[in-house]
$ cat my_file.cif   # mmCIF, C-alpha atoms
data_my_file
#
loop_
_atom_site.label_atom_id
_atom_site.label_comp_id
_atom_site.auth_asym_id
_atom_site.auth_seq_id
_atom_site.Cartn_x
_atom_site.Cartn_y
_atom_site.Cartn_z
CA MET A 1 -2.31 10.28 13.23
CA LEU A 2 -1.23 7.17 11.37
CA SER A 3 -3.47 4.31 12.47
CA LYS A 4 -2.57 0.71 13.22
CA ARG A 5 -3.76 -1.61 10.49
CA ILE A 6 -5.95 -4.71 10.79
CA ILE A 7 -5.26 -7.11 7.93
CA PRO A 8 -7.27 -10.24 7.23
CA CYS A 9 -5.15 -12.74 5.35
CA LEU A 10 -6.77 -14.92 2.77
CA ASP A 11 -4.76 -18.00 1.98
CA ILE A 12 -5.63 -19.13 -1.52
CA ARG A 13 -5.49 -22.60 -2.95
CA ASN A 14 -7.02 -23.42 -6.32
CA GLY A 15 -8.81 -20.07 -6.32
CA GLN A 16 -10.48 -20.66 -2.94
CA THR A 17 -9.72 -19.22 0.48
CA VAL A 18 -8.33 -21.70 2.94
CA LYS A 19 -6.77 -21.54 6.37
CA GLY A 20 -4.19 -23.98 7.55
CA ILE A 21 -3.73 -24.64 11.22
CA ASN A 22 0.05 -24.57 11.54
CA PHE A 23 0.00 -24.74 7.74
CA VAL A 24 -1.55 -28.21 7.60
CA ASN A 25 -5.12 -29.57 7.81
CA ILE A 26 -6.48 -27.14 5.28
CA ARG A 27 -10.19 -26.43 5.01
CA GLU A 28 -12.00 -24.27 2.51
CA VAL A 29 -13.80 -21.10 3.57
CA GLY A 30 -14.93 -19.41 0.40
CA ASP A 31 -14.50 -17.17 -2.60
CA PRO A 32 -11.58 -14.74 -2.12
CA VAL A 33 -13.26 -11.85 -3.93
CA GLU A 34 -16.47 -12.13 -1.91
CA LEU A 35 -14.56 -12.49 1.34
CA GLY A 36 -12.30 -9.58 0.45
CA LYS A 37 -15.25 -7.31 -0.30
CA ARG A 38 -16.95 -8.30 2.92
CA TYR A 39 -13.81 -7.49 4.94
CA SER A 40 -13.40 -4.18 3.17
CA GLU A 41 -16.99 -3.21 3.99
CA GLN A 42 -16.42 -4.23 7.61
CA GLY A 43 -13.45 -1.89 7.93
CA ALA A 44 -10.40 -4.04 7.16
CA ASP A 45 -7.51 -1.68 6.45
CA GLU A 46 -5.78 -3.89 3.96
CA LEU A 47 -5.89 -7.45 2.70
CA VAL A 48 -3.27 -10.07 1.95
CA PHE A 49 -3.87 -12.86 -0.55
CA LEU A 50 -1.30 -15.61 -0.28
CA ASP A 51 -1.19 -18.43 -2.77
CA ILE A 52 0.01 -20.86 -0.13
CA THR A 53 0.70 -23.80 -2.36
CA ALA A 54 2.27 -21.74 -5.14
CA THR A 55 5.87 -22.03 -4.07
CA HIS A 56 5.61 -25.66 -3.07
CA GLU A 57 4.13 -26.77 -6.35
CA GLY A 58 5.99 -24.29 -8.47
CA ARG A 59 2.70 -22.72 -9.41
CA LYS A 60 2.29 -19.07 -10.34
CA THR A 61 -0.26 -16.86 -8.67
CA PHE A 62 -3.30 -16.51 -10.85
CA VAL A 63 -3.27 -13.10 -12.42
CA GLU A 64 -6.92 -13.37 -13.34
CA LEU A 65 -7.95 -13.69 -9.70
CA VAL A 66 -5.86 -10.64 -8.86
CA LYS A 67 -7.65 -8.66 -11.57
CA ARG A 68 -11.02 -9.58 -10.10
CA ILE A 69 -9.83 -8.63 -6.63
CA ALA A 70 -8.41 -5.30 -7.85
CA PHE A 71 -11.60 -4.46 -9.68
CA ASN A 72 -13.80 -5.16 -6.68
CA LEU A 73 -11.75 -3.81 -3.77
CA ASN A 74 -11.27 -0.15 -2.84
CA ILE A 75 -8.60 -0.81 -0.22
CA PRO A 76 -4.98 -1.89 -0.74
CA PHE A 77 -4.02 -5.51 -1.06
CA THR A 78 -0.87 -7.58 -1.22
CA VAL A 79 -0.42 -10.72 -3.28
CA GLY A 80 2.10 -13.41 -2.53
CA GLY A 81 3.04 -16.88 -3.64
CA GLY A 82 5.10 -18.10 -6.55
CA ILE A 83 6.84 -14.81 -7.27
CA SER A 84 10.40 -15.66 -8.21
CA GLU A 85 11.31 -13.14 -10.89
CA LEU A 86 10.56 -9.65 -12.14
CA LYS A 87 8.05 -10.72 -14.75
CA ASP A 88 5.89 -12.43 -12.10
CA ALA A 89 5.76 -9.17 -10.16
CA ASP A 90 5.16 -7.14 -13.30
CA ALA A 91 2.12 -9.23 -14.24
CA LEU A 92 0.66 -8.78 -10.74
CA LEU A 93 1.28 -5.03 -10.80
CA ALA A 94 -0.44 -4.78 -14.18
CA ALA A 95 -3.37 -6.77 -12.79
CA GLY A 96 -3.77 -4.21 -10.03
CA ALA A 97 -1.90 -5.57 -6.99
CA ASP A 98 -0.67 -2.82 -4.68
CA LYS A 99 2.15 -4.88 -3.21
CA ILE A 100 3.69 -8.25 -3.68
CA SER A 101 5.08 -10.42 -0.96
CA ILE A 102 8.04 -12.71 -1.48
CA ASN A 103 9.21 -15.35 0.92
CA SER A 104 11.16 -18.45 -0.17
CA SER A 105 12.30 -16.84 -3.42
CA ALA A 106 13.95 -14.02 -1.44
CA ILE A 107 15.77 -16.52 0.76
CA LYS A 108 17.00 -18.46 -2.27
CA ASN A 109 17.91 -15.30 -4.18
CA PRO A 110 18.20 -12.26 -1.89
CA LYS A 111 19.14 -10.06 -4.87
CA LEU A 112 15.54 -10.43 -6.03
CA ILE A 113 14.61 -7.91 -3.32
CA ASP A 114 17.06 -5.36 -4.77
CA GLU A 115 15.78 -5.94 -8.30
CA LEU A 116 12.11 -5.66 -7.35
CA ALA A 117 12.71 -2.52 -5.28
CA LEU A 118 14.68 -0.93 -8.10
CA HIS A 119 12.05 -1.69 -10.75
CA PHE A 120 8.84 -1.16 -8.83
CA GLY A 121 9.84 0.84 -5.74
CA SER A 122 10.20 -0.35 -2.16
CA GLN A 123 6.54 0.34 -1.41
CA PHE A 124 5.64 -2.55 -3.71
CA VAL A 125 7.88 -5.12 -2.02
CA VAL A 126 6.87 -6.96 1.15
CA VAL A 127 9.32 -9.54 2.40
CA ALA A 128 7.48 -12.27 4.31
CA ILE A 129 9.39 -14.35 6.81
CA ASP A 130 8.05 -17.50 8.45
CA ALA A 131 10.27 -18.12 11.44
CA LYS A 132 10.52 -20.68 14.19
CA GLU A 133 12.09 -20.33 17.62
CA GLU A 134 14.14 -23.23 18.90
CA ASN A 135 16.59 -23.10 21.80
CA ASN A 136 16.25 -19.32 22.04
CA ARG A 137 17.18 -18.86 18.38
CA TRP A 138 14.76 -17.62 15.75
CA GLU A 139 15.36 -19.10 12.33
CA ALA A 140 13.66 -18.33 9.02
CA THR A 141 11.96 -21.31 7.39
CA MET A 142 10.81 -22.04 3.83
CA HIS A 143 7.90 -23.81 2.20
CA GLY A 144 5.31 -23.24 4.87
CA GLY A 145 7.67 -23.91 7.75
CA ARG A 146 8.85 -27.27 6.49
CA ILE A 147 12.41 -26.38 5.55
CA PRO A 148 14.91 -24.57 7.82
CA THR A 149 17.13 -22.07 6.03
CA GLY A 150 19.97 -21.44 8.45
CA LYS A 151 19.11 -17.73 8.29
CA GLU A 152 18.76 -16.03 11.66
CA LEU A 153 15.45 -14.11 11.72
CA PHE A 154 16.55 -10.66 12.84
CA SER A 155 19.63 -10.37 10.64
CA TRP A 156 17.60 -11.61 7.66
CA ALA A 157 14.85 -9.05 8.30
CA LYS A 158 17.45 -6.27 8.49
CA GLU A 159 19.15 -7.52 5.33
CA ALA A 160 15.78 -7.50 3.55
CA GLU A 161 15.27 -3.89 4.64
CA ASN A 162 18.75 -2.91 3.48
CA ARG A 163 18.13 -4.52 0.11
CA GLY A 164 15.02 -2.41 -0.41
CA ALA A 165 12.04 -4.18 1.17
CA GLY A 166 9.24 -1.73 1.97
CA GLU A 167 7.67 -3.82 4.70
CA ILE A 168 8.29 -7.03 6.66
CA LEU A 169 5.55 -9.58 7.30
CA PHE A 170 6.75 -11.76 10.16
CA THR A 171 4.87 -14.97 10.93
CA SER A 172 5.84 -16.87 14.05
CA MET A 173 5.49 -20.57 13.30
CA ASN A 174 5.47 -21.23 17.04
CA HIS A 175 2.39 -19.07 17.46
CA ASP A 176 0.57 -19.60 14.18
CA GLY A 177 -2.73 -21.43 14.70
CA THR A 178 -2.40 -21.55 18.49
CA LYS A 179 -4.68 -18.55 19.21
CA ASN A 180 -2.54 -17.79 22.26
CA GLY A 181 -1.39 -14.34 21.16
CA PHE A 182 1.30 -12.87 18.95
CA ALA A 183 5.07 -13.30 19.39
CA ASN A 184 5.27 -9.90 21.05
CA GLU A 185 8.78 -10.15 22.42
CA ALA A 186 10.32 -11.07 19.07
CA LEU A 187 8.08 -8.56 17.28
CA ALA A 188 9.11 -5.68 19.55
CA LYS A 189 12.75 -6.56 19.02
CA MET A 190 12.25 -6.61 15.27
CA SER A 191 10.23 -3.38 15.23
CA ASP A 192 13.01 -1.58 17.10
CA LEU A 193 15.55 -2.98 14.67
CA LEU A 194 13.70 -2.00 11.51
CA SER A 195 12.92 1.43 10.08
CA ILE A 196 10.25 0.00 7.73
CA PRO A 197 6.74 -1.06 8.80
CA LEU A 198 6.25 -4.44 10.44
CA ILE A 199 3.18 -6.64 9.97
CA ALA A 200 2.72 -9.27 12.66
CA SER A 201 1.17 -12.63 11.95
CA GLY A 202 0.51 -15.80 13.89
CA GLY A 203 -1.32 -16.38 17.16
CA ALA A 204 -4.33 -14.04 17.12
CA GLY A 205 -7.16 -15.53 19.16
CA THR A 206 -8.80 -12.67 21.04
CA MET A 207 -9.25 -8.91 20.73
CA GLU A 208 -6.85 -8.47 23.67
CA HIS A 209 -4.15 -10.15 21.60
CA PHE A 210 -4.32 -7.30 19.09
CA SER A 211 -4.20 -4.72 21.86
CA ASP A 212 -1.11 -6.45 23.28
CA LEU A 213 0.40 -6.62 19.82
CA PHE A 214 0.22 -2.86 19.33
CA LYS A 215 1.16 -2.00 22.90
CA PHE A 216 3.94 -4.50 23.51
CA GLY A 217 4.76 -6.04 20.13
CA LYS A 218 5.21 -2.56 18.59
CA ALA A 219 3.90 -3.80 15.23
CA ASP A 220 2.41 -1.43 12.67
CA ALA A 221 -0.20 -3.94 11.54
CA GLY A 222 -1.77 -7.15 12.78
CA LEU A 223 -2.66 -9.93 10.40
CA ALA A 224 -4.96 -12.87 11.04
CA ALA A 225 -7.07 -15.35 9.12
CA SER A 226 -9.22 -17.98 10.78
CA ILE A 227 -10.59 -15.80 13.59
CA PHE A 228 -11.97 -13.51 10.90
CA HIS A 229 -12.99 -16.22 8.44
CA PHE A 230 -14.92 -18.18 11.03
CA GLY A 231 -16.51 -15.09 12.55
CA GLU A 232 -14.86 -15.49 15.95
CA ILE A 233 -13.92 -11.82 15.92
CA ALA A 234 -15.86 -9.26 13.88
CA ILE A 235 -13.64 -6.47 12.55
CA PRO A 236 -15.98 -3.61 13.64
CA ASP A 237 -15.99 -5.01 17.20
CA LEU A 238 -12.21 -5.40 17.17
CA LYS A 239 -11.68 -1.84 16.00
CA HIS A 240 -14.11 -0.47 18.55
CA TYR A 241 -12.30 -2.38 21.30
CA LEU A 242 -8.87 -1.15 20.19
CA ARG A 243 -10.10 2.43 20.15
CA THR A 244 -11.28 2.09 23.75
CA GLU A 245 -7.80 0.76 24.54
CA GLY A 246 -6.36 4.05 23.26
CA ILE A 247 -4.89 2.64 20.07
CA SER A 248 -5.01 4.76 16.92
CA ILE A 249 -7.45 2.97 14.61
CA ARG A 250 -9.25 4.01 11.45
CA MET B 1 -17.43 13.04 -20.01
CA LYS B 2 -14.06 11.93 -21.38
CA VAL B 3 -11.49 11.04 -18.77
CA ALA B 4 -7.88 10.30 -19.69
CA ILE B 5 -5.48 8.50 -17.38
CA ILE B 6 -1.93 9.28 -18.42
CA LYS B 7 -0.12 6.05 -19.21
CA TYR B 8 3.60 6.10 -18.58
CA ASN B 9 6.27 3.96 -16.97
CA ALA B 10 4.81 4.04 -13.48
CA GLY B 11 2.75 1.59 -11.52
CA ASN B 12 -0.74 1.63 -10.06
CA ILE B 13 -2.46 2.96 -13.16
CA GLN B 14 -4.77 -0.04 -13.35
CA SER B 15 -6.12 0.66 -9.86
CA VAL B 16 -7.19 4.17 -10.82
CA ASP B 17 -8.94 2.84 -13.91
CA TYR B 18 -10.79 0.27 -11.78
CA ALA B 19 -11.79 2.93 -9.23
CA LEU B 20 -13.32 5.04 -12.02
CA LYS B 21 -15.13 1.99 -13.41
CA ARG B 22 -16.66 1.45 -9.96
CA LEU B 23 -18.01 5.01 -10.30
CA GLY B 24 -19.41 4.11 -13.72
CA VAL B 25 -16.77 6.07 -15.66
CA GLU B 26 -14.90 4.49 -18.57
CA ALA B 27 -11.55 6.24 -18.80
CA ALA B 28 -8.97 6.04 -21.58
CA VAL B 29 -5.59 4.86 -20.29
CA THR B 30 -3.39 6.55 -22.85
CA SER B 31 -0.10 8.22 -23.66
CA ASP B 32 -1.54 9.73 -26.84
CA LEU B 33 -0.94 13.48 -26.66
CA HIS B 34 -4.05 14.41 -28.66
CA GLU B 35 -6.31 12.14 -26.69
CA ILE B 36 -5.04 13.52 -23.38
CA ARG B 37 -5.39 17.12 -24.57
CA ALA B 38 -8.97 16.49 -25.75
CA ALA B 39 -10.16 14.90 -22.47
CA ASP B 40 -12.48 16.69 -20.04
CA ARG B 41 -10.51 15.39 -17.08
CA VAL B 42 -6.95 14.15 -16.88
CA ILE B 43 -5.60 11.91 -14.13
CA PHE B 44 -1.86 11.64 -13.59
CA PRO B 45 -1.35 8.69 -11.25
CA GLY B 46 1.79 6.91 -10.33
CA VAL B 47 3.93 4.86 -8.07
CA GLY B 48 7.61 4.83 -8.84
CA GLU B 49 10.87 6.72 -8.76
CA ALA B 50 11.10 10.42 -9.65
CA SER B 51 14.13 10.66 -11.93
CA THR B 52 13.32 7.74 -14.25
CA THR B 53 9.68 8.79 -14.56
CA MET B 54 10.61 12.43 -15.27
CA ALA B 55 13.09 11.24 -17.92
CA TYR B 56 10.33 9.15 -19.48
CA LEU B 57 7.87 12.06 -19.45
CA ARG B 58 10.43 14.32 -21.15
CA LYS B 59 11.35 11.75 -23.76
CA HIS B 60 7.69 11.35 -24.72
CA HIS B 61 6.90 15.10 -24.52
CA LEU B 62 4.39 14.41 -21.78
CA ASP B 63 6.07 17.01 -19.55
CA GLU B 64 5.19 19.94 -21.85
CA LEU B 65 1.76 18.49 -22.43
CA ILE B 66 0.87 18.23 -18.73
CA ILE B 67 2.01 21.77 -17.92
CA ASP B 68 -0.15 23.16 -20.75
CA LEU B 69 -3.35 21.30 -19.89
CA LYS B 70 -6.38 23.56 -19.38
CA GLN B 71 -8.90 21.07 -18.02
CA PRO B 72 -8.94 19.82 -14.42
CA VAL B 73 -5.92 17.57 -13.81
CA LEU B 74 -5.54 15.28 -10.80
CA GLY B 75 -2.08 14.07 -9.80
CA ILE B 76 -1.93 11.11 -7.44
CA CYS B 77 1.01 10.12 -5.20
CA LEU B 78 4.11 10.29 -7.42
CA GLY B 79 1.97 12.40 -9.76
CA LEU B 80 1.73 15.04 -7.02
CA GLN B 81 5.46 14.92 -6.41
CA LEU B 82 6.30 15.24 -10.11
CA MET B 83 4.01 18.30 -10.33
CA CYS B 84 6.22 20.06 -7.77
CA ARG B 85 9.33 22.09 -8.54
CA HIS B 86 12.04 19.70 -7.43
CA SER B 87 12.38 16.32 -5.72
CA GLU B 88 15.16 15.17 -3.44
CA GLU B 89 14.65 11.71 -4.91
CA ASN B 90 17.78 11.43 -7.04
CA ASN B 91 17.93 15.25 -7.21
CA THR B 92 15.24 15.54 -9.87
CA ASP B 93 13.89 18.70 -11.47
CA CYS B 94 10.15 18.17 -11.86
CA LEU B 95 7.28 19.88 -13.69
CA GLY B 96 7.15 22.99 -11.52
CA ILE B 97 3.37 23.41 -11.53
CA PHE B 98 3.44 23.80 -7.74
CA ASP B 99 6.24 25.76 -6.13
CA GLU B 100 6.80 23.15 -3.40
CA THR B 101 9.81 20.91 -3.10
CA VAL B 102 9.69 17.20 -2.37
CA LYS B 103 11.77 15.93 0.53
CA LYS B 104 12.49 12.55 2.07
CA PHE B 105 11.04 11.68 5.45
CA VAL B 106 13.72 11.44 8.13
CA LEU B 107 13.37 9.12 11.10
CA GLN B 108 12.75 11.23 14.22
CA PRO B 109 12.83 8.93 17.26
CA ASP B 110 12.49 11.89 19.65
CA LEU B 111 9.30 13.16 18.04
CA LEU B 112 7.77 9.87 16.98
CA PRO B 113 9.42 6.75 18.45
CA SER B 114 7.28 4.42 16.35
CA MET B 115 8.08 6.20 13.09
CA LYS B 116 8.74 3.99 10.06
CA ILE B 117 9.56 4.89 6.47
CA PRO B 118 7.69 4.63 4.12
CA HIS B 119 4.73 6.41 5.65
CA MET B 120 2.40 3.53 4.94
CA GLY B 121 -1.20 3.18 5.99
CA TRP B 122 -4.25 5.22 6.90
CA ASN B 123 -3.81 8.76 8.17
CA THR B 124 -6.14 11.71 8.71
CA ILE B 125 -6.19 14.91 6.67
CA SER B 126 -7.46 18.39 7.50
CA GLY B 127 -7.19 22.08 6.66
CA PHE B 128 -8.99 21.93 3.34
CA LYS B 129 -8.53 24.69 0.78
CA SER B 130 -9.95 23.16 -2.36
CA GLU B 131 -13.26 22.13 -3.91
CA LEU B 132 -11.79 18.65 -4.12
CA PHE B 133 -12.73 18.30 -0.47
CA ASP B 134 -15.93 18.80 1.43
CA PRO B 135 -16.36 19.17 5.19
CA SER B 136 -17.53 15.55 5.54
CA LEU B 137 -13.97 14.44 4.72
CA GLU B 138 -12.32 16.43 7.53
CA GLU B 139 -10.34 14.11 9.84
CA GLN B 140 -11.23 11.06 7.75
CA HIS B 141 -8.53 8.46 7.10
CA PHE B 142 -6.91 8.12 3.68
CA TYR B 143 -4.40 5.58 2.48
CA PHE B 144 -0.82 6.79 2.06
CA VAL B 145 2.30 5.01 0.84
CA HIS B 146 5.31 7.24 0.33
CA SER B 147 8.82 7.99 1.51
CA TYR B 148 8.95 11.52 0.08
CA TYR B 149 6.56 14.38 0.80
CA ALA B 150 5.76 17.81 -0.58
CA THR B 151 6.40 20.74 1.74
CA ILE B 152 3.63 23.09 2.83
CA GLY B 153 3.18 26.35 0.92
CA ALA B 154 0.77 28.62 -0.90
CA ASP B 155 -0.77 25.78 -2.95
CA THR B 156 -1.34 23.41 -0.04
CA ALA B 157 -4.97 22.25 -0.17
CA ALA B 158 -4.94 19.70 2.67
CA ILE B 159 -2.50 18.82 5.41
CA CYS B 160 -1.41 15.48 6.85
CA SER B 161 1.10 14.98 9.62
CA TYR B 162 3.73 12.31 10.01
CA SER B 163 6.40 13.55 12.43
CA ILE B 164 6.00 16.84 10.54
CA PRO B 165 3.08 18.39 8.67
CA PHE B 166 3.19 18.04 4.89
CA SER B 167 0.96 18.68 1.87
CA ALA B 168 -1.61 15.89 1.63
CA ALA B 169 -3.04 17.80 -1.33
CA LEU B 170 -2.08 20.73 -3.55
CA GLN B 171 -4.08 22.88 -5.89
CA LYS B 172 -3.23 25.68 -8.27
CA ASN B 173 -5.85 26.76 -10.81
CA ASN B 174 -6.89 23.64 -12.75
CA PHE B 175 -4.15 21.48 -11.24
CA PHE B 176 -5.15 19.28 -8.31
CA ALA B 177 -2.98 16.68 -6.62
CA VAL B 178 -3.22 14.32 -3.68
CA GLN B 179 -0.41 12.45 -1.95
CA PHE B 180 -2.74 9.70 -0.72
CA HIS B 181 -4.41 7.13 -2.96
CA PRO B 182 -8.10 8.00 -3.41
CA GLU B 183 -8.51 4.84 -5.49
CA LYS B 184 -7.47 2.80 -2.44
CA SER B 185 -9.08 4.87 0.31
CA GLY B 186 -12.43 3.15 0.53
CA THR B 187 -15.62 5.20 0.29
CA VAL B 188 -14.00 8.51 1.30
CA GLY B 189 -11.44 8.06 -1.49
CA ALA B 190 -14.21 7.43 -3.99
CA LYS B 191 -15.81 10.70 -2.83
CA ILE B 192 -12.62 12.60 -3.75
CA LEU B 193 -12.66 11.10 -7.25
CA GLU B 194 -16.34 11.99 -7.60
CA ASN B 195 -15.66 15.55 -6.45
CA PHE B 196 -12.88 15.81 -9.03
CA LEU B 197 -15.15 14.58 -11.81
CA GLN B 198 -17.83 17.09 -10.79
CA LEU B 199 -15.58 20.19 -10.63
CA GLN B 200 -16.95 23.18 -12.50
CA ASN B 201 -15.32 26.22 -14.05
CA TYR B 202 -11.63 25.48 -13.74
CA SER B 203 -9.23 26.75 -16.31
CA ASN B 204 -5.60 27.63 -16.57
CA PRO B 205 -5.28 31.42 -16.94
#
$ encode --input "my_file.cif" --output "structure tokens"
Amino acid sequence: MLSKRIIPCLDIRNGQTVKGINFVNIREVGDPVELGKRYSEQGADELVFLDITATHEGRKTFVELVKRIAFNLNIPFTVGGGISELKDADALLAAGADKISINSSAIKNPKLIDELALHFGSQFVVVAIDAKEENNRWEATMHGGRIPTGKELFSWAKEAENRGAGEILFTSMNHDGTKNGFANEALAKMSDLLSIPLIASGGAGTMEHFSDLFKFGKADAGLAASIFHFGEIAIPDLKHYLRTEGISIR
Amino acid sequence: MKVAIIKYNAGNIQSVDYALKRLGVEAAVTSDLHEIRAADRVIFPGVGEASTTMAYLRKHHLDELIIDLKQPVLGICLGLQLMCRHSEENNTDCLGIFDETVKKFVLQPDLLPSMKIPHMGWNTISGFKSELFDPSLEEQHFYFVHSYYATIGADTAAICSYSIPFSAALQKNNFFAVQFHPEKSGTVGAKILENFLQLQNYSNP
């Protein structure tokens, strides 16, 4: 049986792992390769490395770091940040990335999704969406939640799928950093709408939150950062707990 | 031991090379026909689309080469699919080493309400009929990413299920293939690569 995935997310700035609380107040937590290896050994199913300042500063993701990660990890990983054209993706693929994630660049140029899917296959293309709920309307945002886009979350997610995205990574800006649980209602709605896998991000604080995510949020994978980085939840404990909750876990 | 990884216009080749390096094996990533033919082991990896990759293989005479190889060959993911007879992906005639056909997953809400395509993530395999596997790997999780699958038939060497059972692995004589990614399947995936490197006495009759 296909298992639900637990995905630590390593936000990268200047080659170091950081975690922003609501995408501000960044503190450093260590070397991405070492952290990635540790998570892999602990049973993480996949890893995401996001170059969080890449889009904002127009910086490209460092291919050299991706090579080191690819060499050292024996589980799949996604790389995001600063990917705005085919050649960016090509360099990351050649370096050993299993998937790339695009966010702002897809909003600015939705055809990029079609091009990437055509050249590299849908399985390589994750469309990440940071969205905010205001007055009962979910809207996609850009640049770490700072800029509204006018795009309604659910129609944008469906459009991304139709254009060839292989997976959607949905971060709720309302929940991110709060540790009060995932945006299960919106996630369930999105999961029902999509026929591609859905990764949920934003709000993980306890092991119960992951159980709720898979039971009620209908997500295929749960992503979190600080609770793992700061040792608040150990991945082996989390997986053991989810198994006792009857959730299919590796 | 000389290991050749077939280099062609498909992705994910680097990952296989890295996985072998972690096992202490320096492989040649090459499209050179002589070098591939002379290797002790050949790995045919790949992530991509069937018709364009088959066209590329034909153009570079890699199709004839692969079919004629006598040493143990391991196809991975798209490699497995291209080693089958035919793929539904853009109606592509493939290498025909295995008699199976490759079909697209269809959403089946009645059978599996949570079903998504691609089949992406960790799934268990069973029903081994190949030296590629040992009993310790039964019901272990391996990493899959694919929207098309090979049907089950005489060459099926391991089975996975995602709404329907399909060939997680195939084997015929010296040709081995896995739909999952051993290079991305943690320690159990590394074991598969090791088993492949340690195979004895396989030849194409």
$ resolve_selection --input "my_file.cif" --expression "the PyMOL selection byres ((chain B) within 6 of (chain A))" --output "PyMOL selection string"
chain B and resi 14-15+18+48+116-117+122-123+184-186
$ closest_residue --input "my_file.cif" --among "B:Thr156, B:Thr101, B:Gln108, B:Asn90" --to "Ala169 in chain B" --atoms "only C-alpha atoms"
B:Thr156
$ closest_residue --input "my_file.cif" --among "A:Thr244, A:Gln16, A:Asn184, A:Ser201" --to "Lys215 in chain A" --atoms "all atoms listed in the file"
A:Asn184
$ closest_residue --input "my_file.cif" --among "B:Asp93, B:Glu100, B:Asp40, B:Glu194" --to "Phe133 in chain B" --atoms "only C-alpha atoms"
B:Glu194
$ axis_aligned_box --input "my_file.cif" --around "range 94-107 of chain A" --padding-each-side "5 Å" --output "lines of an AutoDock Vina configuration file"
center_x = 6.0
center_y = -10.6
center_z = -6.6
size_x = 29.5
size_y = 25.6
size_z = 25.1
